[in-house]
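Text of input_7.csv, listed as CSV, C-alpha atoms and all ligand atoms:
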chain,number,residue,atom,x,y,z
A,155,MET,CA,-126.0,-57.3,-85.5
A,156,SER,CA,-126.3,-53.6,-84.5
A,157,VAL,CA,-123.1,-51.7,-83.7
A,158,GLU,CA,-124.3,-51.3,-80.1
A,159,ARG,CA,-124.9,-55.0,-79.5
A,160,ASP,CA,-121.6,-55.8,-81.2
A,161,LYS,CA,-119.7,-53.4,-78.8
A,162,GLU,CA,-121.4,-55.0,-75.8
A,163,ARG,CA,-120.5,-58.5,-76.9
A,164,ARG,CA,-116.9,-57.5,-77.6
A,165,ALA,CA,-116.6,-55.7,-74.2
A,166,HIS,CA,-118.1,-58.7,-72.4
A,167,SER,CA,-115.8,-61.2,-74.2
A,168,VAL,CA,-112.7,-59.0,-73.5
A,169,PHE,CA,-113.3,-58.8,-69.7
A,170,GLN,CA,-114.3,-62.4,-69.4
A,171,LYS,CA,-110.9,-63.3,-71.0
A,172,ILE,CA,-108.7,-61.0,-69.1
A,173,SER,CA,-110.4,-61.3,-65.7
A,174,PHE,CA,-107.5,-63.4,-64.3
A,175,CYS,CA,-104.8,-60.9,-65.2
A,176,TYR,CA,-106.8,-57.6,-65.1
A,177,ASP,CA,-105.3,-56.3,-61.8
A,178,PHE,CA,-101.8,-57.4,-62.6
A,179,MET,CA,-101.9,-55.8,-66.1
A,180,ASN,CA,-103.5,-52.6,-64.8
A,181,ASP,CA,-100.5,-52.1,-62.5
A,182,ILE,CA,-98.1,-52.8,-65.3
A,183,ILE,CA,-99.7,-50.7,-68.0
A,184,THR,CA,-100.3,-47.6,-65.8
A,185,LEU,CA,-97.2,-48.2,-63.6
A,186,GLY,CA,-99.6,-48.3,-60.7
A,187,ILE,CA,-101.0,-44.8,-61.3
A,188,HIS,CA,-104.6,-46.1,-61.6
A,189,ARG,CA,-104.4,-46.9,-57.9
A,190,LEU,CA,-103.7,-43.2,-57.1
A,191,TRP,CA,-106.7,-42.0,-59.2
A,192,LYS,CA,-109.0,-44.6,-57.6
A,193,LYS,CA,-107.8,-43.6,-54.1
A,194,ASP,CA,-108.8,-40.1,-55.0
A,195,LEU,CA,-112.3,-41.2,-56.1
A,196,ILE,CA,-112.8,-43.2,-52.9
A,197,LYS,CA,-111.6,-40.2,-50.8
A,198,SER,CA,-114.3,-38.1,-52.5
A,199,ILE,CA,-117.1,-40.4,-51.5
A,200,PRO,CA,-119.2,-38.7,-48.7
A,201,VAL,CA,-118.8,-40.5,-45.4
A,202,GLU,CA,-122.5,-40.2,-44.8
A,203,SER,CA,-123.2,-42.5,-47.8
A,204,LYS,CA,-125.3,-45.5,-46.6
A,205,MET,CA,-126.5,-47.2,-49.7
A,206,VAL,CA,-123.9,-47.2,-52.3
A,207,LEU,CA,-123.8,-48.6,-55.9
A,208,ASP,CA,-120.7,-49.2,-57.9
A,209,VAL,CA,-121.6,-49.8,-61.6
A,210,CYS,CA,-119.2,-51.8,-63.9
A,211,CYS,CA,-117.3,-52.8,-60.7
A,212,GLY,CA,-114.9,-55.2,-62.4
A,213,THR,CA,-112.6,-56.9,-59.9
A,214,GLY,CA,-113.8,-54.6,-57.2
A,215,ASP,CA,-111.2,-51.9,-56.6
A,216,ILE,CA,-113.7,-49.2,-55.9
A,217,ALA,CA,-116.3,-51.4,-54.1
A,218,ILE,CA,-113.6,-52.8,-51.8
A,219,GLY,CA,-112.1,-49.3,-51.2
A,220,MET,CA,-115.6,-48.1,-50.3
A,221,GLY,CA,-116.3,-51.2,-48.2
A,222,ASN,CA,-113.2,-50.4,-46.2
A,223,LYS,CA,-114.0,-46.7,-45.8
A,224,LEU,CA,-117.8,-47.1,-45.1
A,225,LYS,CA,-117.8,-50.0,-42.7
A,226,THR,CA,-121.5,-49.6,-41.7
A,227,SER,CA,-122.8,-48.9,-45.2
A,228,GLN,CA,-124.2,-51.4,-47.7
A,229,ILE,CA,-122.2,-51.5,-50.9
A,230,THR,CA,-123.7,-53.0,-54.0
A,231,ALA,CA,-121.4,-53.7,-57.0
A,232,LEU,CA,-122.6,-54.6,-60.4
A,233,ASP,CA,-120.9,-56.0,-63.5
A,234,PHE,CA,-121.9,-58.0,-66.5
A,235,SER,CA,-118.8,-60.2,-66.6
A,236,GLU,CA,-119.2,-63.3,-64.4
A,237,ARG,CA,-115.5,-63.8,-64.3
A,238,MET,CA,-114.6,-60.3,-63.2
A,239,LEU,CA,-117.2,-60.7,-60.4
A,240,GLN,CA,-115.6,-64.0,-59.3
A,241,VAL,CA,-112.3,-62.2,-58.9
A,242,ALA,CA,-114.0,-59.4,-57.0
A,243,GLU,CA,-115.8,-61.8,-54.7
A,244,LYS,CA,-112.5,-63.6,-53.9
A,245,ARG,CA,-110.7,-60.3,-53.1
A,246,THR,CA,-113.6,-59.2,-50.9
A,247,LYS,CA,-113.5,-62.4,-48.9
A,248,ALA,CA,-109.7,-62.1,-48.5
A,249,ALA,CA,-110.3,-58.5,-47.2
A,250,HIS,CA,-112.8,-59.9,-44.7
A,251,LEU,CA,-115.5,-57.4,-45.9
A,252,LYS,CA,-119.1,-58.3,-45.3
A,253,ASN,CA,-120.8,-55.2,-46.5
A,254,ILE,CA,-120.4,-55.7,-50.2
A,255,GLU,CA,-122.9,-57.5,-52.4
A,256,PHE,CA,-122.0,-58.4,-56.0
A,257,ILE,CA,-124.7,-58.6,-58.7
A,258,GLN,CA,-124.4,-59.6,-62.3
A,259,GLY,CA,-126.3,-57.2,-64.4
A,260,ASN,CA,-126.1,-54.7,-67.3
A,261,ALA,CA,-125.4,-51.0,-66.6
A,262,LEU,CA,-127.9,-50.2,-69.3
A,263,PHE,CA,-130.8,-51.8,-67.4
A,264,LEU,CA,-129.9,-51.5,-63.7
A,265,PRO,CA,-131.9,-54.1,-61.8
A,266,PHE,CA,-132.9,-51.7,-59.0
A,267,LYS,CA,-135.9,-49.6,-58.1
A,268,ASP,CA,-135.9,-45.8,-58.5
A,269,ASN,CA,-134.3,-43.8,-55.8
A,270,SER,CA,-132.5,-46.8,-54.2
A,271,PHE,CA,-129.0,-45.4,-53.5
A,272,ASP,CA,-127.5,-42.2,-52.0
A,273,THR,CA,-124.2,-42.6,-53.9
A,274,VAL,CA,-123.4,-44.2,-57.2
A,275,THR,CA,-119.9,-44.6,-58.8
A,276,ILE,CA,-118.7,-45.8,-62.1
A,277,SER,CA,-115.0,-46.1,-62.7
A,278,PHE,CA,-113.4,-46.8,-66.1
A,279,GLY,CA,-116.7,-48.4,-67.0
A,280,ILE,CA,-118.8,-46.1,-69.1
A,281,ARG,CA,-116.6,-46.0,-72.1
A,282,ASN,CA,-117.0,-49.8,-72.5
A,283,THR,CA,-120.7,-49.6,-72.7
A,284,SER,CA,-122.7,-49.2,-75.9
A,285,ASP,CA,-124.9,-46.3,-74.8
A,286,TYR,CA,-123.4,-43.7,-72.5
A,287,LYS,CA,-126.6,-41.7,-72.2
A,288,LYS,CA,-128.7,-44.7,-71.2
A,289,VAL,CA,-126.2,-45.6,-68.5
A,290,LEU,CA,-126.3,-42.1,-67.1
A,291,ASP,CA,-130.1,-42.0,-67.2
A,292,GLU,CA,-130.2,-45.3,-65.4
A,293,ILE,CA,-127.7,-44.1,-62.7
A,294,HIS,CA,-129.8,-40.9,-62.3
A,295,ARG,CA,-133.0,-43.1,-61.9
A,296,VAL,CA,-131.6,-45.3,-59.1
A,297,LEU,CA,-130.1,-42.4,-57.2
A,298,MET,CA,-132.1,-40.8,-54.4
A,299,PRO,CA,-132.9,-37.1,-54.8
A,300,GLY,CA,-129.8,-35.3,-53.3
A,301,GLY,CA,-127.6,-38.4,-54.0
A,302,VAL,CA,-124.2,-38.0,-55.5
A,303,PHE,CA,-122.7,-39.5,-58.6
A,304,PHE,CA,-119.0,-40.0,-59.5
A,305,CYS,CA,-117.7,-41.1,-62.9
A,306,MET,CA,-114.0,-41.7,-63.4
A,307,GLU,CA,-112.9,-42.4,-67.0
A,308,ALA,CA,-109.7,-42.6,-69.0
A,309,SER,CA,-109.1,-40.4,-72.0
A,310,TYR,CA,-106.1,-39.3,-74.1
A,311,PRO,CA,-104.4,-36.3,-72.6
A,312,ASP,CA,-105.0,-32.7,-73.9
A,313,PRO,CA,-101.4,-31.7,-74.8
A,314,PHE,CA,-100.9,-32.7,-78.5
A,315,ILE,CA,-97.5,-34.5,-78.1
A,316,LEU,CA,-98.4,-36.3,-74.9
A,317,ARG,CA,-101.7,-37.4,-76.6
A,318,GLY,CA,-99.7,-38.8,-79.5
A,319,VAL,CA,-97.2,-40.6,-77.3
A,320,LEU,CA,-99.9,-42.1,-75.0
A,321,SER,CA,-102.1,-43.2,-77.9
A,322,ALA,CA,-99.1,-44.9,-79.7
A,323,TYR,CA,-98.3,-46.6,-76.3
A,324,CYS,CA,-101.9,-47.9,-76.0
A,325,ARG,CA,-102.2,-48.8,-79.7
A,326,PHE,CA,-98.9,-50.6,-80.3
A,327,ILE,CA,-97.0,-51.3,-77.0
A,328,VAL,CA,-99.9,-52.3,-74.7
A,329,PRO,CA,-101.2,-55.1,-77.0
A,330,ILE,CA,-97.6,-56.5,-77.3
A,331,MET,CA,-97.3,-56.4,-73.5
A,332,GLY,CA,-100.6,-58.3,-73.4
A,333,LYS,CA,-99.4,-60.9,-75.8
A,334,ILE,CA,-96.1,-61.5,-74.1
A,335,LEU,CA,-97.2,-61.3,-70.5
A,336,VAL,CA,-100.7,-62.9,-70.6
A,337,LYS,CA,-101.1,-64.2,-74.2
A,338,SER,CA,-103.9,-61.7,-74.9
A,339,TYR,CA,-103.1,-59.4,-77.9
A,340,GLY,CA,-106.6,-58.7,-79.2
A,341,GLU,CA,-108.0,-58.1,-75.7
A,342,TYR,CA,-105.3,-55.5,-75.0
A,343,ARG,CA,-106.2,-53.7,-78.3
A,344,TRP,CA,-109.5,-52.9,-76.6
A,345,LEU,CA,-107.9,-50.2,-74.3
A,346,ASP,CA,-107.0,-48.1,-77.3
A,347,GLU,CA,-110.2,-48.9,-79.2
A,348,SER,CA,-112.4,-47.9,-76.3
A,349,VAL,CA,-110.4,-44.8,-75.2
A,350,GLY,CA,-110.0,-43.6,-78.8
A,351,ALA,CA,-113.7,-43.9,-79.5
A,352,PHE,CA,-114.8,-42.3,-76.3
A,353,ILE,CA,-116.3,-38.8,-76.2
A,354,SER,CA,-114.4,-35.8,-74.8
A,355,LYS,CA,-114.8,-34.7,-71.2
A,356,GLU,CA,-116.8,-31.7,-72.4
A,357,GLU,CA,-119.2,-34.0,-74.3
A,358,LEU,CA,-119.5,-36.2,-71.3
A,359,THR,CA,-120.3,-33.2,-69.1
A,360,VAL,CA,-123.2,-32.4,-71.5
A,361,LEU,CA,-124.5,-35.9,-71.2
A,362,VAL,CA,-124.2,-35.8,-67.4
A,363,GLU,CA,-126.1,-32.6,-67.4
A,364,GLY,CA,-128.7,-34.0,-69.8
A,365,ALA,CA,-129.3,-36.9,-67.5
A,366,GLY,CA,-130.5,-34.4,-64.9
A,367,PHE,CA,-127.4,-34.0,-62.7
A,368,THR,CA,-126.6,-30.6,-61.1
A,369,GLU,CA,-123.6,-29.1,-59.4
A,370,ILE,CA,-121.4,-30.9,-61.9
A,371,ASN,CA,-117.8,-30.8,-61.0
A,372,LEU,CA,-114.8,-32.0,-63.1
A,373,ARG,CA,-111.3,-32.9,-62.1
A,374,THR,CA,-108.6,-34.0,-64.4
A,375,PHE,CA,-105.5,-36.1,-63.6
A,376,LEU,CA,-102.2,-36.4,-65.5
A,377,PHE,CA,-102.9,-33.7,-68.2
A,378,GLY,CA,-106.4,-35.1,-68.9
A,379,SER,CA,-105.5,-38.8,-69.0
A,380,CYS,CA,-108.2,-39.4,-66.5
A,381,THR,CA,-111.3,-37.3,-65.6
A,382,LEU,CA,-113.5,-37.5,-62.6
A,383,HIS,CA,-117.0,-36.1,-63.1
A,384,SER,CA,-119.3,-35.7,-60.1
A,385,GLY,CA,-122.8,-34.4,-59.9
A,386,ILE,CA,-125.9,-34.4,-57.7
A,387,LYS,CA,-129.4,-35.6,-58.4
A,388,GLY,CA,-131.6,-32.6,-57.7
A,389,GLY,CA,-134.8,-32.7,-55.7
A,390,VAL,CA,-133.7,-31.7,-52.2
A,391,ASP,CA,-132.2,-28.5,-50.9
A,392,GLU,CA,-128.9,-30.0,-49.8
A,393,TYR,CA,-127.2,-33.4,-49.6
A,401,LIG,C1,-112.1,-51.3,-67.4
A,401,LIG,S1,-113.1,-52.3,-66.3
A,401,LIG,C2,-113.3,-51.3,-64.9
A,401,LIG,C3,-113.4,-52.1,-63.6
A,401,LIG,C4,-113.4,-51.3,-62.3
A,401,LIG,N1,-114.5,-50.4,-62.2
A,401,LIG,C5,-112.1,-50.6,-62.2
A,401,LIG,O1,-112.1,-49.3,-62.0
A,401,LIG,O2,-111.0,-51.2,-62.2
A,401,LIG,C6,-114.7,-52.1,-67.1
A,401,LIG,C7,-115.7,-53.1,-66.5
A,401,LIG,O3,-117.0,-52.7,-67.0
A,401,LIG,C8,-117.8,-53.9,-67.2
A,401,LIG,N2,-118.8,-53.6,-68.2
A,401,LIG,C9,-118.7,-53.1,-69.4
A,401,LIG,N3,-119.9,-52.9,-70.0
A,401,LIG,C10,-120.8,-53.2,-69.1
A,401,LIG,C11,-122.2,-53.2,-69.0
A,401,LIG,N4,-123.0,-52.8,-70.1
A,401,LIG,N5,-122.9,-53.6,-67.9
A,401,LIG,C12,-122.1,-54.0,-66.8
A,401,LIG,N6,-120.8,-54.1,-66.8
A,401,LIG,C13,-120.1,-53.7,-67.9
A,401,LIG,C14,-116.7,-54.9,-67.7
A,401,LIG,O4,-117.2,-56.2,-67.5
A,401,LIG,C15,-115.5,-54.6,-66.8
A,401,LIG,O5,-115.5,-55.3,-65.7
Re-express the file's structure as structure tokens.
Amino acid sequence: MSVERDKERRAHSVFQKISFCYDFMNDIITLGIHRLWKKDLIKSIPVESKMVLDVCCGTGDIAIGMGNKLKTSQITALDFSERMLQVAEKRTKAAHLKNIEFIQGNALFLPFKDNSFDTVTISFGIRNTSDYKKVLDEIHRVLMPGGVFFCMEASYPDPFILRGVLSAYCRFIVPIMGKILVKSYGEYRWLDESVGAFISKEELTVLVEGAGFTEINLRTFLFGSCTLHSGIKGGVDEY
């Protein structure tokens, strides 16, 4: 089995297994800080967005946030884990949102025509995929010219000591928390494995640029623990 295929299977199996506790554990592991970062992402989405896609939507945090913000827009949210999607659908129903459609699919082969969306987001998703460049190329393809793209992703912080502390926390403490709280040790090793193996924010900027995005902007949170890239698909004078 190729390394790429192996990574994809591992990621799929991890999220299938932790779907029931994903939201609960995110709050515990990050002390709720992920909610603030996601709020920031949702705040950044242009209010003019009409056709929006959230790739690797998981249990729907971003899609639901956008569904609430953009009441008259159509939100499409895609993920390859059936179980994560089931949680997302339940949460959407509970929030009485009718403008979100969930689709099971692979971020590497987006099942949409070229130029279908004016806004595309991917939040804490790209590092789990087996080919970052292909995902960015796909997102660029389905965006309309002038459309905006947002990619939020976790990384280990820049300051050396903080980096050491956080990586030790993710490598040793988080899996133990996973084991004690939700009986999932191996699945909670995935956080450190995927963040540790992910490219730097500078390398990601190069890939975003390489996919054809312009006006690339980068914001970091908590000393580089999280980065928000944004860019525009060229082709019109202004968005
Ligand atoms: C860490 S979760 C992020 C979920 C959500 N976006 C959030 O911010 O909470 C990563 C999600 O990416 C999905 N995923 C990973 N690789 C994928 C792929 N190749 N295609 C579609 N979904 C994928 C997983 O199933 C999982 O739901």
A:Ala242, A:Ala308, A:Ala261, A:Ile196 ranked by distance to ligand LIG 401 (chain A), top pick (using only C-alpha atoms and all ligand atoms) =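 Checking each of A:Ala242, A:Ala308, A:Ala261, A:Ile196 against ligand LIG 401 (chain A), counting only C-alpha atoms and all ligand atoms, the winner is A:Ala261.
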Using all atoms listed in the file, find each residue with an atom at most 9 Å away from ligand LIG 401 (chain A) and format the answer as a PyMOL selection string.
-> chain A and resi 161-163+165-170+173+176-177+180+188-189+192+208-217+232-239+258-264+275-285+289+306-307+345
Would you save the residues of that selection, restricted to C-alpha atoms, as a PDB file, keeping the file's coordinate frame?
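Writing the result to again-v7.pdb gives the following:
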ATOM      1  CA  LYS A 161    -119.700 -53.400 -78.800  1.00  0.00           C
ATOM      2  CA  GLU A 162    -121.400 -55.000 -75.800  1.00  0.00           C
ATOM      3  CA  ARG A 163    -120.500 -58.500 -76.900  1.00  0.00           C
ATOM      4  CA  ALA A 165    -116.600 -55.700 -74.200  1.00  0.00           C
ATOM      5  CA  HIS A 166    -118.100 -58.700 -72.400  1.00  0.00           C
ATOM      6  CA  SER A 167    -115.800 -61.200 -74.200  1.00  0.00           C
ATOM      7  CA  VAL A 168    -112.700 -59.000 -73.500  1.00  0.00           C
ATOM      8  CA  PHE A 169    -113.300 -58.800 -69.700  1.00  0.00           C
ATOM      9  CA  GLN A 170    -114.300 -62.400 -69.400  1.00  0.00           C
ATOM     10  CA  SER A 173    -110.400 -61.300 -65.700  1.00  0.00           C
ATOM     11  CA  TYR A 176    -106.800 -57.600 -65.100  1.00  0.00           C
ATOM     12  CA  ASP A 177    -105.300 -56.300 -61.800  1.00  0.00           C
ATOM     13  CA  ASN A 180    -103.500 -52.600 -64.800  1.00  0.00           C
ATOM     14  CA  HIS A 188    -104.600 -46.100 -61.600  1.00  0.00           C
ATOM     15  CA  ARG A 189    -104.400 -46.900 -57.900  1.00  0.00           C
ATOM     16  CA  LYS A 192    -109.000 -44.600 -57.600  1.00  0.00           C
ATOM     17  CA  ASP A 208    -120.700 -49.200 -57.900  1.00  0.00           C
ATOM     18  CA  VAL A 209    -121.600 -49.800 -61.600  1.00  0.00           C
ATOM     19  CA  CYS A 210    -119.200 -51.800 -63.900  1.00  0.00           C
ATOM     20  CA  CYS A 211    -117.300 -52.800 -60.700  1.00  0.00           C
ATOM     21  CA  GLY A 212    -114.900 -55.200 -62.400  1.00  0.00           C
ATOM     22  CA  THR A 213    -112.600 -56.900 -59.900  1.00  0.00           C
ATOM     23  CA  GLY A 214    -113.800 -54.600 -57.200  1.00  0.00           C
ATOM     24  CA  ASP A 215    -111.200 -51.900 -56.600  1.00  0.00           C
ATOM     25  CA  ILE A 216    -113.700 -49.200 -55.900  1.00  0.00           C
ATOM     26  CA  ALA A 217    -116.300 -51.400 -54.100  1.00  0.00           C
ATOM     27  CA  LEU A 232    -122.600 -54.600 -60.400  1.00  0.00           C
ATOM     28  CA  ASP A 233    -120.900 -56.000 -63.500  1.00  0.00           C
ATOM     29  CA  PHE A 234    -121.900 -58.000 -66.500  1.00  0.00           C
ATOM     30  CA  SER A 235    -118.800 -60.200 -66.600  1.00  0.00           C
ATOM     31  CA  GLU A 236    -119.200 -63.300 -64.400  1.00  0.00           C
ATOM     32  CA  ARG A 237    -115.500 -63.800 -64.300  1.00  0.00           C
ATOM     33  CA  MET A 238    -114.600 -60.300 -63.200  1.00  0.00           C
ATOM     34  CA  LEU A 239    -117.200 -60.700 -60.400  1.00  0.00           C
ATOM     35  CA  GLN A 258    -124.400 -59.600 -62.300  1.00  0.00           C
ATOM     36  CA  GLY A 259    -126.300 -57.200 -64.400  1.00  0.00           C
ATOM     37  CA  ASN A 260    -126.100 -54.700 -67.300  1.00  0.00           C
ATOM     38  CA  ALA A 261    -125.400 -51.000 -66.600  1.00  0.00           C
ATOM     39  CA  LEU A 262    -127.900 -50.200 -69.300  1.00  0.00           C
ATOM     40  CA  PHE A 263    -130.800 -51.800 -67.400  1.00  0.00           C
ATOM     41  CA  LEU A 264    -129.900 -51.500 -63.700  1.00  0.00           C
ATOM     42  CA  THR A 275    -119.900 -44.600 -58.800  1.00  0.00           C
ATOM     43  CA  ILE A 276    -118.700 -45.800 -62.100  1.00  0.00           C
ATOM     44  CA  SER A 277    -115.000 -46.100 -62.700  1.00  0.00           C
ATOM     45  CA  PHE A 278    -113.400 -46.800 -66.100  1.00  0.00           C
ATOM     46  CA  GLY A 279    -116.700 -48.400 -67.000  1.00  0.00           C
ATOM     47  CA  ILE A 280    -118.800 -46.100 -69.100  1.00  0.00           C
ATOM     48  CA  ARG A 281    -116.600 -46.000 -72.100  1.00  0.00           C
ATOM     49  CA  ASN A 282    -117.000 -49.800 -72.500  1.00  0.00           C
ATOM     50  CA  THR A 283    -120.700 -49.600 -72.700  1.00  0.00           C
ATOM     51  CA  SER A 284    -122.700 -49.200 -75.900  1.00  0.00           C
ATOM     52  CA  ASP A 285    -124.900 -46.300 -74.800  1.00  0.00           C
ATOM     53  CA  VAL A 289    -126.200 -45.600 -68.500  1.00  0.00           C
ATOM     54  CA  MET A 306    -114.000 -41.700 -63.400  1.00  0.00           C
ATOM     55  CA  GLU A 307    -112.900 -42.400 -67.000  1.00  0.00           C
ATOM     56  CA  LEU A 345    -107.900 -50.200 -74.300  1.00  0.00           C
TER      57      LEU A 345
END
Nearest to Arg373 (chain A): which of A:Ile182, A:Cys305, A:Val328, A:Leu316 is it, counting only C-alpha atoms?
-> A:Cys305
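Counting from CA of Glu357 (chain A), the distance to CA of Thr374 (chain A) is 14.5 Å.
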Set the distance at 9 Å and use only C-alpha atoms: which residues neighbour Leu358 (chain A) once local chain neighbours fewer than 4 positions away are removed? I'd like the list as an mmCIF file with C-alpha atoms, in the frame of the given file.
data_model
loop_
_atom_site.group_PDB
_atom_site.id
_atom_site.type_symbol
_atom_site.label_atom_id
_atom_site.label_comp_id
_atom_site.auth_asym_id
_atom_site.auth_seq_id
_atom_site.Cartn_x
_atom_site.Cartn_y
_atom_site.Cartn_z
ATOM 1 C CA TYR A 286 -123.400 -43.700 -72.500
ATOM 2 C CA ILE A 353 -116.300 -38.800 -76.200
ATOM 3 C CA SER A 354 -114.400 -35.800 -74.800
ATOM 4 C CA VAL A 362 -124.200 -35.800 -67.400
ATOM 5 C CA GLU A 363 -126.100 -32.600 -67.400
ATOM 6 C CA HIS A 383 -117.000 -36.100 -63.100
#
In Å, with one decimal, what is the gap from CA of Ile293 (chain A) to CA of Met179 (chain A)?
->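 Separation of CA of Ile293 (chain A) and CA of Met179 (chain A): 28.5 Å.
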Saved region 322-344 of chain A from the preceding structure, N, CA and C atoms, as a PDB file, in the first residue's frame:
ATOM      1  N   ALA A 322       5.110  17.914  23.430  1.00  0.00           N
ATOM      2  CA  ALA A 322       5.105  16.876  24.484  1.00  0.00           C
ATOM      3  C   ALA A 322       3.667  16.655  24.969  1.00  0.00           C
ATOM      4  N   TYR A 323       2.915  17.752  25.097  1.00  0.00           N
ATOM      5  CA  TYR A 323       1.509  17.658  25.522  1.00  0.00           C
ATOM      6  C   TYR A 323       0.717  16.789  24.527  1.00  0.00           C
ATOM      7  N   CYS A 324       0.900  17.083  23.228  1.00  0.00           N
ATOM      8  CA  CYS A 324       0.135  16.332  22.214  1.00  0.00           C
ATOM      9  C   CYS A 324       0.622  14.892  22.096  1.00  0.00           C
ATOM     10  N   ARG A 325       1.947  14.691  22.267  1.00  0.00           N
ATOM     11  CA  ARG A 325       2.495  13.347  22.071  1.00  0.00           C
ATOM     12  C   ARG A 325       2.181  12.426  23.249  1.00  0.00           C
ATOM     13  N   PHE A 326       2.285  12.967  24.483  1.00  0.00           N
ATOM     14  CA  PHE A 326       2.169  12.085  25.648  1.00  0.00           C
ATOM     15  C   PHE A 326       0.866  12.254  26.430  1.00  0.00           C
ATOM     16  N   ILE A 327       0.445  13.501  26.636  1.00  0.00           N
ATOM     17  CA  ILE A 327      -0.725  13.733  27.518  1.00  0.00           C
ATOM     18  C   ILE A 327      -2.046  13.501  26.771  1.00  0.00           C
ATOM     19  N   VAL A 328      -2.139  14.049  25.547  1.00  0.00           N
ATOM     20  CA  VAL A 328      -3.419  13.950  24.824  1.00  0.00           C
ATOM     21  C   VAL A 328      -3.842  12.482  24.610  1.00  0.00           C
ATOM     22  N   PRO A 329      -2.927  11.584  24.190  1.00  0.00           N
ATOM     23  CA  PRO A 329      -3.369  10.182  24.036  1.00  0.00           C
ATOM     24  C   PRO A 329      -3.835   9.562  25.356  1.00  0.00           C
ATOM     25  N   ILE A 330      -3.208   9.974  26.454  1.00  0.00           N
ATOM     26  CA  ILE A 330      -3.646   9.429  27.760  1.00  0.00           C
ATOM     27  C   ILE A 330      -5.040   9.960  28.095  1.00  0.00           C
ATOM     28  N   MET A 331      -5.249  11.255  27.796  1.00  0.00           N
ATOM     29  CA  MET A 331      -6.596  11.823  28.015  1.00  0.00           C
ATOM     30  C   MET A 331      -7.607  11.062  27.154  1.00  0.00           C
ATOM     31  N   GLY A 332      -7.211  10.771  25.914  1.00  0.00           N
ATOM     32  CA  GLY A 332      -8.077  10.015  24.995  1.00  0.00           C
ATOM     33  C   GLY A 332      -8.408   8.651  25.565  1.00  0.00           C
ATOM     34  N   LYS A 333      -7.388   8.012  26.149  1.00  0.00           N
ATOM     35  CA  LYS A 333      -7.595   6.665  26.688  1.00  0.00           C
ATOM     36  C   LYS A 333      -8.531   6.702  27.898  1.00  0.00           C
ATOM     37  N   ILE A 334      -8.271   7.652  28.800  1.00  0.00           N
ATOM     38  CA  ILE A 334      -9.065   7.707  30.039  1.00  0.00           C
ATOM     39  C   ILE A 334     -10.499   8.171  29.755  1.00  0.00           C
ATOM     40  N   LEU A 335     -10.624   9.208  28.955  1.00  0.00           N
ATOM     41  CA  LEU A 335     -11.953   9.822  28.796  1.00  0.00           C
ATOM     42  C   LEU A 335     -12.836   9.107  27.788  1.00  0.00           C
ATOM     43  N   VAL A 336     -12.217   8.623  26.670  1.00  0.00           N
ATOM     44  CA  VAL A 336     -13.072   8.035  25.618  1.00  0.00           C
ATOM     45  C   VAL A 336     -12.527   6.711  25.087  1.00  0.00           C
ATOM     46  N   LYS A 337     -11.597   6.111  25.829  1.00  0.00           N
ATOM     47  CA  LYS A 337     -11.035   4.793  25.462  1.00  0.00           C
ATOM     48  C   LYS A 337     -10.427   4.795  24.061  1.00  0.00           C
ATOM     49  N   SER A 338      -9.757   5.879  23.698  1.00  0.00           N
ATOM     50  CA  SER A 338      -9.155   5.965  22.361  1.00  0.00           C
ATOM     51  C   SER A 338      -7.740   6.493  22.462  1.00  0.00           C
ATOM     52  N   TYR A 339      -6.793   5.624  22.754  1.00  0.00           N
ATOM     53  CA  TYR A 339      -5.389   6.057  22.867  1.00  0.00           C
ATOM     54  C   TYR A 339      -4.786   6.289  21.482  1.00  0.00           C
ATOM     55  N   GLY A 340      -4.862   5.274  20.623  1.00  0.00           N
ATOM     56  CA  GLY A 340      -4.215   5.332  19.299  1.00  0.00           C
ATOM     57  C   GLY A 340      -4.760   6.467  18.454  1.00  0.00           C
ATOM     58  N   GLU A 341      -6.073   6.677  18.535  1.00  0.00           N
ATOM     59  CA  GLU A 341      -6.703   7.736  17.726  1.00  0.00           C
ATOM     60  C   GLU A 341      -6.185   9.113  18.174  1.00  0.00           C
ATOM     61  N   TYR A 342      -5.944   9.261  19.463  1.00  0.00           N
ATOM     62  CA  TYR A 342      -5.462  10.561  19.941  1.00  0.00           C
ATOM     63  C   TYR A 342      -3.943  10.708  19.825  1.00  0.00           C
ATOM     64  N   ARG A 343      -3.278   9.686  19.287  1.00  0.00           N
ATOM     65  CA  ARG A 343      -1.875   9.831  18.856  1.00  0.00           C
ATOM     66  C   ARG A 343      -1.858  10.578  17.517  1.00  0.00           C
ATOM     67  N   TRP A 344      -2.983  10.498  16.784  1.00  0.00           N
ATOM     68  CA  TRP A 344      -3.051  11.062  15.439  1.00  0.00           C
ATOM     69  C   TRP A 344      -2.810  12.582  15.426  1.00  0.00           C
TER      70      TRP A 344
END
